[in-house]
Structures are given as C-alpha cells and as structure tokens.
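Raw start04.cif, mmCIF, N, CA and C atoms:
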data_final
#
loop_
_atom_site.label_atom_id
_atom_site.label_comp_id
_atom_site.auth_asym_id
_atom_site.auth_seq_id
_atom_site.Cartn_x
_atom_site.Cartn_y
_atom_site.Cartn_z
N MET A 1 10.27 47.80 14.92
CA MET A 1 11.41 48.23 15.72
C MET A 1 12.68 48.05 14.90
N GLU A 2 13.51 49.06 14.91
CA GLU A 2 14.77 48.99 14.15
C GLU A 2 15.73 48.02 14.82
N LEU A 3 16.62 47.45 14.00
CA LEU A 3 17.56 46.47 14.51
C LEU A 3 18.40 47.04 15.67
N MET A 4 18.94 48.23 15.53
CA MET A 4 19.79 48.77 16.59
C MET A 4 19.00 48.97 17.88
N ASP A 5 17.73 49.36 17.76
CA ASP A 5 16.89 49.49 18.96
C ASP A 5 16.73 48.13 19.65
N LEU A 6 16.51 47.10 18.84
CA LEU A 6 16.40 45.75 19.37
C LEU A 6 17.68 45.32 20.07
N LEU A 7 18.80 45.57 19.41
CA LEU A 7 20.09 45.17 19.97
C LEU A 7 20.38 45.90 21.27
N LYS A 8 20.02 47.19 21.32
CA LYS A 8 20.23 47.96 22.55
C LYS A 8 19.31 47.46 23.66
N MET A 9 18.09 47.08 23.31
CA MET A 9 17.19 46.51 24.31
C MET A 9 17.79 45.20 24.84
N GLY A 10 18.28 44.34 23.95
CA GLY A 10 18.94 43.11 24.39
C GLY A 10 20.17 43.40 25.23
N ALA A 11 20.91 44.41 24.84
CA ALA A 11 22.11 44.79 25.58
C ALA A 11 21.76 45.25 26.99
N SER A 12 20.66 45.99 27.14
CA SER A 12 20.29 46.44 28.47
C SER A 12 19.84 45.28 29.35
N VAL A 13 19.22 44.26 28.74
CA VAL A 13 18.87 43.04 29.48
C VAL A 13 20.15 42.37 29.99
N ILE A 14 21.13 42.26 29.10
CA ILE A 14 22.40 41.63 29.47
C ILE A 14 23.10 42.45 30.54
N GLN A 15 23.13 43.75 30.38
CA GLN A 15 23.81 44.62 31.35
C GLN A 15 23.13 44.54 32.72
N GLY A 16 21.84 44.34 32.73
CA GLY A 16 21.09 44.33 33.98
C GLY A 16 20.85 42.94 34.55
N ASN A 17 21.46 41.90 33.97
CA ASN A 17 21.20 40.56 34.50
C ASN A 17 21.96 40.34 35.80
N SER A 18 21.86 39.16 36.34
CA SER A 18 22.42 38.90 37.68
C SER A 18 23.92 38.60 37.68
N ASP A 19 24.55 38.60 36.51
CA ASP A 19 25.97 38.28 36.41
C ASP A 19 26.81 39.55 36.54
N ASP A 20 27.64 39.60 37.57
CA ASP A 20 28.48 40.78 37.79
C ASP A 20 29.40 41.08 36.61
N ALA A 21 29.75 40.05 35.83
CA ALA A 21 30.67 40.24 34.71
C ALA A 21 30.07 41.12 33.61
N THR A 22 28.75 41.18 33.54
CA THR A 22 28.11 41.95 32.45
C THR A 22 27.66 43.34 32.87
N THR A 23 27.61 43.62 34.17
CA THR A 23 27.03 44.89 34.61
C THR A 23 27.86 46.11 34.22
N GLY A 24 29.17 45.95 34.09
CA GLY A 24 30.00 47.10 33.76
C GLY A 24 30.24 47.29 32.27
N LEU A 25 29.65 46.42 31.45
CA LEU A 25 29.88 46.51 30.01
C LEU A 25 29.12 47.68 29.40
N ASP A 26 29.67 48.22 28.33
CA ASP A 26 29.04 49.33 27.60
C ASP A 26 27.88 48.80 26.75
N ILE A 27 26.74 49.48 26.83
CA ILE A 27 25.55 49.07 26.06
C ILE A 27 25.88 48.98 24.57
N GLY A 28 26.61 49.97 24.04
CA GLY A 28 26.97 49.96 22.62
C GLY A 28 27.83 48.77 22.25
N ASP A 29 28.77 48.42 23.13
CA ASP A 29 29.63 47.26 22.87
C ASP A 29 28.81 45.98 22.85
N ILE A 30 27.89 45.85 23.81
CA ILE A 30 27.04 44.65 23.85
C ILE A 30 26.17 44.60 22.60
N ALA A 31 25.57 45.74 22.24
CA ALA A 31 24.70 45.78 21.05
C ALA A 31 25.47 45.39 19.80
N ASN A 32 26.70 45.88 19.66
CA ASN A 32 27.51 45.51 18.49
C ASN A 32 27.83 44.03 18.48
N ALA A 33 28.15 43.47 19.65
CA ALA A 33 28.45 42.04 19.73
C ALA A 33 27.20 41.21 19.40
N LEU A 34 26.04 41.66 19.89
CA LEU A 34 24.78 40.98 19.56
C LEU A 34 24.51 41.04 18.07
N GLY A 35 24.76 42.22 17.48
CA GLY A 35 24.56 42.38 16.04
C GLY A 35 25.43 41.42 15.25
N GLY A 36 26.67 41.25 15.68
CA GLY A 36 27.56 40.31 15.01
C GLY A 36 27.09 38.88 15.15
N LEU A 37 26.45 38.58 16.27
CA LEU A 37 25.98 37.23 16.55
C LEU A 37 24.66 36.92 15.85
N LEU A 38 23.74 37.89 15.85
CA LEU A 38 22.37 37.64 15.42
C LEU A 38 22.00 38.29 14.09
N GLY A 39 22.87 39.15 13.57
CA GLY A 39 22.52 39.89 12.37
C GLY A 39 22.69 39.08 11.10
N ASN A 40 22.04 39.57 10.05
CA ASN A 40 22.24 38.99 8.73
C ASN A 40 22.97 40.00 7.86
N ASN A 41 23.25 39.64 6.65
CA ASN A 41 24.03 40.52 5.77
C ASN A 41 23.26 41.73 5.27
N GLU A 42 21.96 41.76 5.48
CA GLU A 42 21.15 42.88 5.00
C GLU A 42 20.85 43.90 6.09
N GLY A 43 21.53 43.80 7.22
CA GLY A 43 21.31 44.76 8.29
C GLY A 43 20.09 44.46 9.14
N GLY A 44 19.60 43.24 9.07
CA GLY A 44 18.46 42.84 9.88
C GLY A 44 18.83 41.71 10.82
N LEU A 45 17.85 41.23 11.53
CA LEU A 45 18.03 40.12 12.45
C LEU A 45 17.86 38.82 11.68
N ASP A 46 18.76 37.88 11.87
CA ASP A 46 18.71 36.60 11.15
C ASP A 46 17.76 35.65 11.86
N LEU A 47 16.47 36.00 11.85
CA LEU A 47 15.47 35.21 12.55
C LEU A 47 15.33 33.81 11.97
N SER A 48 15.49 33.67 10.66
CA SER A 48 15.29 32.35 10.07
C SER A 48 16.33 31.36 10.59
N SER A 49 17.56 31.79 10.78
CA SER A 49 18.57 30.88 11.35
C SER A 49 18.26 30.54 12.79
N LEU A 50 17.81 31.54 13.55
CA LEU A 50 17.46 31.28 14.94
C LEU A 50 16.31 30.30 15.04
N VAL A 51 15.25 30.56 14.28
CA VAL A 51 14.08 29.69 14.33
C VAL A 51 14.43 28.30 13.82
N GLY A 52 15.20 28.24 12.74
CA GLY A 52 15.62 26.95 12.21
C GLY A 52 16.50 26.20 13.18
N GLY A 53 17.40 26.90 13.85
CA GLY A 53 18.27 26.27 14.83
C GLY A 53 17.50 25.71 16.00
N LEU A 54 16.49 26.42 16.42
CA LEU A 54 15.66 25.93 17.51
C LEU A 54 14.90 24.69 17.08
N ALA A 55 14.38 24.70 15.86
CA ALA A 55 13.62 23.56 15.37
C ALA A 55 14.51 22.32 15.28
N GLN A 56 15.73 22.49 14.77
CA GLN A 56 16.64 21.36 14.59
C GLN A 56 17.09 20.77 15.92
N ASN A 57 17.07 21.56 16.96
CA ASN A 57 17.56 21.10 18.26
C ASN A 57 16.43 20.78 19.23
N GLY A 58 15.23 20.56 18.70
CA GLY A 58 14.11 20.18 19.55
C GLY A 58 13.64 21.29 20.47
N LEU A 59 13.91 22.53 20.10
CA LEU A 59 13.56 23.66 20.95
C LEU A 59 12.39 24.46 20.37
N GLY A 60 11.60 23.81 19.52
CA GLY A 60 10.51 24.49 18.83
C GLY A 60 9.48 25.11 19.75
N GLU A 61 9.15 24.41 20.84
CA GLU A 61 8.15 24.96 21.77
C GLU A 61 8.65 26.24 22.41
N ILE A 62 9.96 26.29 22.67
CA ILE A 62 10.53 27.49 23.28
C ILE A 62 10.41 28.67 22.33
N VAL A 63 10.86 28.49 21.08
CA VAL A 63 10.79 29.62 20.15
C VAL A 63 9.35 29.98 19.83
N GLY A 64 8.46 28.99 19.82
CA GLY A 64 7.05 29.28 19.60
C GLY A 64 6.52 30.25 20.62
N SER A 65 6.99 30.12 21.87
CA SER A 65 6.54 31.04 22.91
C SER A 65 7.09 32.44 22.70
N TRP A 66 8.29 32.52 22.12
CA TRP A 66 8.88 33.84 21.84
C TRP A 66 8.14 34.56 20.74
N LEU A 67 7.67 33.78 19.76
CA LEU A 67 6.98 34.36 18.60
C LEU A 67 5.54 34.70 18.93
N GLY A 68 4.95 34.02 19.91
CA GLY A 68 3.56 34.26 20.26
C GLY A 68 3.42 35.47 21.17
N ASN A 69 2.17 35.72 21.57
CA ASN A 69 1.89 36.88 22.40
C ASN A 69 1.92 36.59 23.89
N GLY A 70 2.04 35.32 24.26
CA GLY A 70 2.03 34.95 25.68
C GLY A 70 3.41 35.13 26.30
N GLU A 71 3.57 34.49 27.44
CA GLU A 71 4.83 34.57 28.17
C GLU A 71 5.94 33.84 27.41
N ASN A 72 7.14 34.40 27.45
CA ASN A 72 8.28 33.79 26.78
C ASN A 72 8.86 32.67 27.64
N ALA A 73 9.01 31.49 27.05
CA ALA A 73 9.64 30.38 27.76
C ALA A 73 11.14 30.66 27.89
N ALA A 74 11.71 30.20 28.98
CA ALA A 74 13.14 30.38 29.21
C ALA A 74 13.94 29.39 28.37
N ILE A 75 15.17 29.76 28.09
CA ILE A 75 16.11 28.87 27.41
C ILE A 75 17.35 28.78 28.30
N SER A 76 17.88 27.58 28.43
CA SER A 76 19.02 27.41 29.32
C SER A 76 20.32 27.78 28.60
N PRO A 77 21.37 28.07 29.36
CA PRO A 77 22.67 28.36 28.74
C PRO A 77 23.15 27.21 27.83
N ASP A 78 22.90 25.97 28.22
CA ASP A 78 23.31 24.86 27.36
C ASP A 78 22.51 24.83 26.07
N GLN A 79 21.22 25.16 26.14
CA GLN A 79 20.41 25.22 24.92
C GLN A 79 20.86 26.35 24.02
N ILE A 80 21.37 27.44 24.60
CA ILE A 80 21.93 28.53 23.80
C ILE A 80 23.09 28.01 22.96
N THR A 81 23.92 27.16 23.55
CA THR A 81 25.04 26.57 22.81
C THR A 81 24.52 25.70 21.67
N ASP A 82 23.48 24.90 21.95
CA ASP A 82 22.88 24.06 20.90
C ASP A 82 22.36 24.93 19.76
N LEU A 83 21.77 26.05 20.11
CA LEU A 83 21.15 26.95 19.14
C LEU A 83 22.17 27.67 18.28
N LEU A 84 23.14 28.29 18.92
CA LEU A 84 24.05 29.19 18.20
C LEU A 84 25.39 28.54 17.84
N GLY A 85 25.76 27.50 18.54
CA GLY A 85 27.05 26.87 18.29
C GLY A 85 28.12 27.47 19.17
N SER A 86 29.04 26.64 19.62
CA SER A 86 30.06 27.09 20.56
C SER A 86 31.01 28.11 19.95
N ASP A 87 31.25 28.04 18.62
CA ASP A 87 32.14 29.02 17.98
C ASP A 87 31.58 30.43 18.10
N LYS A 88 30.28 30.58 17.80
CA LYS A 88 29.66 31.91 17.86
C LYS A 88 29.62 32.42 19.30
N ILE A 89 29.36 31.53 20.24
CA ILE A 89 29.32 31.94 21.64
C ILE A 89 30.71 32.40 22.09
N SER A 90 31.73 31.65 21.69
CA SER A 90 33.10 32.01 22.06
C SER A 90 33.48 33.37 21.48
N GLU A 91 33.08 33.61 20.24
CA GLU A 91 33.37 34.90 19.60
C GLU A 91 32.66 36.04 20.33
N PHE A 92 31.39 35.82 20.67
CA PHE A 92 30.62 36.81 21.41
C PHE A 92 31.30 37.11 22.75
N ALA A 93 31.68 36.04 23.46
CA ALA A 93 32.34 36.19 24.76
C ALA A 93 33.65 36.96 24.61
N SER A 94 34.42 36.61 23.59
CA SER A 94 35.71 37.25 23.35
C SER A 94 35.54 38.74 23.05
N ASN A 95 34.54 39.06 22.23
CA ASN A 95 34.29 40.46 21.87
C ASN A 95 33.99 41.32 23.08
N LEU A 96 33.43 40.72 24.11
CA LEU A 96 33.04 41.48 25.30
C LEU A 96 33.94 41.22 26.50
N GLY A 97 34.94 40.36 26.33
CA GLY A 97 35.83 40.05 27.44
C GLY A 97 35.14 39.26 28.54
N LEU A 98 34.20 38.42 28.16
CA LEU A 98 33.45 37.61 29.12
C LEU A 98 33.93 36.17 29.07
N SER A 99 33.63 35.43 30.12
CA SER A 99 33.81 33.99 30.07
C SER A 99 32.70 33.42 29.19
N VAL A 100 32.92 32.23 28.67
CA VAL A 100 31.89 31.59 27.84
C VAL A 100 30.61 31.37 28.67
N ASP A 101 30.76 30.99 29.94
CA ASP A 101 29.58 30.78 30.79
C ASP A 101 28.79 32.07 30.98
N SER A 102 29.49 33.18 31.19
CA SER A 102 28.80 34.47 31.32
C SER A 102 28.09 34.84 30.02
N ALA A 103 28.75 34.57 28.90
CA ALA A 103 28.15 34.88 27.59
C ALA A 103 26.89 34.05 27.37
N LYS A 104 26.94 32.77 27.69
CA LYS A 104 25.77 31.90 27.51
C LYS A 104 24.62 32.36 28.40
N GLY A 105 24.93 32.71 29.64
CA GLY A 105 23.89 33.19 30.55
C GLY A 105 23.27 34.49 30.07
N ALA A 106 24.12 35.38 29.58
CA ALA A 106 23.64 36.67 29.08
C ALA A 106 22.71 36.47 27.88
N LEU A 107 23.12 35.59 26.97
CA LEU A 107 22.31 35.33 25.78
C LEU A 107 21.00 34.63 26.14
N ALA A 108 21.04 33.74 27.12
CA ALA A 108 19.82 33.07 27.57
C ALA A 108 18.83 34.08 28.15
N ASP A 109 19.36 35.13 28.79
CA ASP A 109 18.48 36.18 29.32
C ASP A 109 17.92 37.06 28.21
N ALA A 110 18.75 37.40 27.24
CA ALA A 110 18.38 38.42 26.25
C ALA A 110 17.62 37.89 25.04
N LEU A 111 17.98 36.71 24.54
CA LEU A 111 17.40 36.24 23.28
C LEU A 111 15.87 36.15 23.29
N PRO A 112 15.25 35.58 24.32
CA PRO A 112 13.79 35.52 24.27
C PRO A 112 13.15 36.89 24.11
N GLN A 113 13.69 37.90 24.78
CA GLN A 113 13.11 39.24 24.70
C GLN A 113 13.39 39.90 23.35
N VAL A 114 14.58 39.67 22.81
CA VAL A 114 14.92 40.25 21.51
C VAL A 114 14.01 39.68 20.42
N VAL A 115 13.87 38.35 20.41
CA VAL A 115 13.02 37.71 19.38
C VAL A 115 11.57 38.13 19.58
N ASP A 116 11.11 38.18 20.84
CA ASP A 116 9.74 38.58 21.12
C ASP A 116 9.48 40.00 20.61
N GLN A 117 10.39 40.92 20.89
CA GLN A 117 10.22 42.30 20.44
C GLN A 117 10.32 42.41 18.92
N ALA A 118 11.17 41.60 18.32
CA ALA A 118 11.35 41.65 16.87
C ALA A 118 10.12 41.16 16.12
N THR A 119 9.31 40.35 16.81
CA THR A 119 8.20 39.72 16.12
C THR A 119 6.84 40.16 16.62
N SER A 120 6.79 41.28 17.34
CA SER A 120 5.49 41.75 17.83
C SER A 120 5.22 43.17 17.36
N GLY A 121 3.96 43.49 17.26
CA GLY A 121 3.57 44.85 16.91
C GLY A 121 3.63 45.12 15.41
N GLU A 122 3.27 46.34 15.05
CA GLU A 122 3.29 46.75 13.65
C GLU A 122 4.73 46.91 13.17
N ASN A 123 4.93 46.69 11.89
CA ASN A 123 6.25 46.81 11.28
C ASN A 123 7.27 45.90 11.96
N SER A 124 6.82 44.73 12.40
CA SER A 124 7.73 43.80 13.04
C SER A 124 8.60 43.14 11.98
N MET A 125 9.56 42.39 12.44
CA MET A 125 10.45 41.69 11.53
C MET A 125 9.84 40.38 11.04
N VAL A 126 8.59 40.10 11.42
CA VAL A 126 7.94 38.88 10.96
C VAL A 126 7.82 38.89 9.44
N ASP A 127 7.53 40.05 8.86
CA ASP A 127 7.43 40.13 7.41
C ASP A 127 8.75 39.74 6.77
N ASP A 128 9.86 40.21 7.36
CA ASP A 128 11.18 39.83 6.85
C ASP A 128 11.41 38.34 7.01
N LEU A 129 11.01 37.80 8.17
CA LEU A 129 11.17 36.37 8.41
C LEU A 129 10.38 35.56 7.41
N LEU A 130 9.14 35.97 7.17
CA LEU A 130 8.31 35.25 6.20
C LEU A 130 8.96 35.27 4.82
N ALA A 131 9.52 36.40 4.46
CA ALA A 131 10.19 36.49 3.17
C ALA A 131 11.39 35.55 3.12
N GLN A 132 12.11 35.43 4.23
CA GLN A 132 13.31 34.59 4.27
C GLN A 132 12.97 33.10 4.17
N VAL A 133 11.79 32.70 4.66
CA VAL A 133 11.45 31.28 4.66
C VAL A 133 10.45 30.90 3.57
N GLY A 134 10.17 31.82 2.67
CA GLY A 134 9.29 31.50 1.55
C GLY A 134 7.83 31.80 1.81
N GLY A 135 7.56 32.86 2.54
CA GLY A 135 6.18 33.28 2.77
C GLY A 135 5.49 32.45 3.84
N ALA A 136 4.18 32.63 3.91
CA ALA A 136 3.40 31.95 4.95
C ALA A 136 3.49 30.43 4.81
N LYS A 137 3.48 29.92 3.59
CA LYS A 137 3.56 28.47 3.39
C LYS A 137 4.89 27.94 3.92
N GLY A 138 5.99 28.63 3.63
CA GLY A 138 7.30 28.21 4.13
C GLY A 138 7.34 28.23 5.65
N ALA A 139 6.71 29.25 6.24
CA ALA A 139 6.67 29.33 7.70
C ALA A 139 5.87 28.18 8.28
N MET A 140 4.75 27.85 7.64
CA MET A 140 3.94 26.73 8.13
C MET A 140 4.70 25.41 8.00
N ASP A 141 5.42 25.26 6.89
CA ASP A 141 6.23 24.05 6.73
C ASP A 141 7.28 23.96 7.83
N MET A 142 7.91 25.09 8.14
CA MET A 142 8.94 25.11 9.18
C MET A 142 8.32 24.78 10.54
N LEU A 143 7.16 25.37 10.83
CA LEU A 143 6.49 25.09 12.10
C LEU A 143 6.06 23.63 12.17
N GLY A 144 5.62 23.08 11.04
CA GLY A 144 5.26 21.67 11.01
C GLY A 144 6.43 20.77 11.37
N LYS A 145 7.60 21.14 10.90
CA LYS A 145 8.81 20.36 11.23
C LYS A 145 9.16 20.51 12.71
N MET A 146 8.95 21.72 13.25
CA MET A 146 9.27 21.96 14.67
C MET A 146 8.38 21.15 15.59
N PHE A 147 7.10 21.16 15.30
CA PHE A 147 6.15 20.57 16.23
C PHE A 147 5.67 19.20 15.78
N GLY A 148 6.18 18.75 14.62
CA GLY A 148 5.72 17.48 14.06
C GLY A 148 6.31 16.27 14.72
#

The structure in this file should be written as structure tokens.
Amino acid sequence: MELMDLLKMGASVIQGNSDDATTGLDIGDIANALGGLLGNNEGGLDLSSLVGGLAQNGLGEIVGSWLGNGENAAISPDQITDLLGSDKISEFASNLGLSVDSAKGALADALPQVVDQATSGENSMVDDLLAQVGGAKGAMDMLGKMFG
C-alpha cells in the first residue's frame, strides 16, 4: 500500500471517529498532517521510530498486536503522548486546528489501523522496516528488547 493511501485511510478513521472536532476536517488536510507526523525523509512511514518508541515506553505488546494478523490492541490518548511526544502532538493539533486532546484521541483511533495496514499483505512496508532496523536479526533484537 502506498504511503498516501495509508495516510488517507488513517485520515478517514480520524474524520469518522466520535469526536465532533474531527468530522468536518478535510481528508487531504488530515492525511498531510499525518504524513508530517509519521513520515520519514524518504517518503515512507517511519515505522522504526514508532516501533522503537513503543518498545521504550513499555508498549511493546500493543505494537505487537498491530504488526500481527490478529485484532489490534487499543492505545490510549496518554500512551499516544508517550509514543510520539507532546511537541509532535501539539504540531499535529495545530496543523488541523484541533485541541491537543482531540488530536490525541484521533491518533489513538488511527495509528493502530495505519500500522496494521502498513505491515500486512504483499508489498507491505515491513520490508522497509526490516531494512531500517538491520534486517531480520535487527528486528528480532528489537522485539527481544520489547518483550524481554
């Protein structure tokens, strides 16, 4: 799945969530803000930072569910702050004219689905992630740290 398709899918999750503040937002604007938040310099999704951030904050089991084929575990708005940092959340909120609380809720709704879609099926971004963390051995080392 192409990055913009992923971002638009995440944007539609945000637009359709239960927060009235996000329902009137433009899908393209949300996708661009997500790209600024989650993208890397090569035009892809910065999965290694996300996965690493989850591992460092004791959220390894949550991200493991996103990467696997089963049901995606939920992440709370406060855990989103732990994962991404308050500066990035504030910037995301500002870009969309949202409150920080609305931004955190929107990201908590969208991130599990974006990561799940990015890492499933053929031509997934898992190959890119593996390359970013040093291949399968690097990924296993990272998972060992998460669950160790």

Worksheet item: Looking at only N, CA and C atoms, which of A:Leu50, A:Thr119, A:Asn17, A:Leu96 is the one that sits closest to A:Leu38?
Response: A:Leu50

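Excluding stretch 106-118 of chain A and any residue on its chain fewer than 3 positions from it, the residues at most 6 Å away by only C-alpha atoms are Gly10, Val13, Ile14, Trp66, Leu67, Ile75, Ser76, Pro77, Ala103, Ser124 and Met125 of chain A.
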
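The space separating atom C of A:Thr23 from atom N of A:Ala11 comes to 11.8 Å.
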
Item to complete: For atom CA of A:Gly35 and atom CA of A:Ala93, quote the distance in Å rounded to one decimal.
Response: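 Between these atoms lies a distance of 13.2 Å.
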
Fill in: Which of A:Ile80, A:Ala73, A:Ile27, A:Val63 sits closest to A:Gly105 [using all atoms listed in the file]
A:Ile80

Worksheet item: Pick the closest to A:Lys104 from A:Met9, A:Leu47, A:Met4, A:Ile89: which is it, counting only N, CA and C atoms?
Response: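 Among A:Met9, A:Leu47, A:Met4, A:Ile89, it is A:Ile89 that comes nearest to A:Lys104.
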
Discussion item. Just to confirm, what's the straight-line distance from atom C of A:Ser90 to atom C of A:Leu6 in Å (one decimal)?
Written reply: 19.9 Å

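Nearest-residue note for A:Gly85: choosing from A:Ile62, A:Leu45, A:Ile30, A:Leu37, the minimum distance belongs to A:Leu37, counting only C-alpha atoms.
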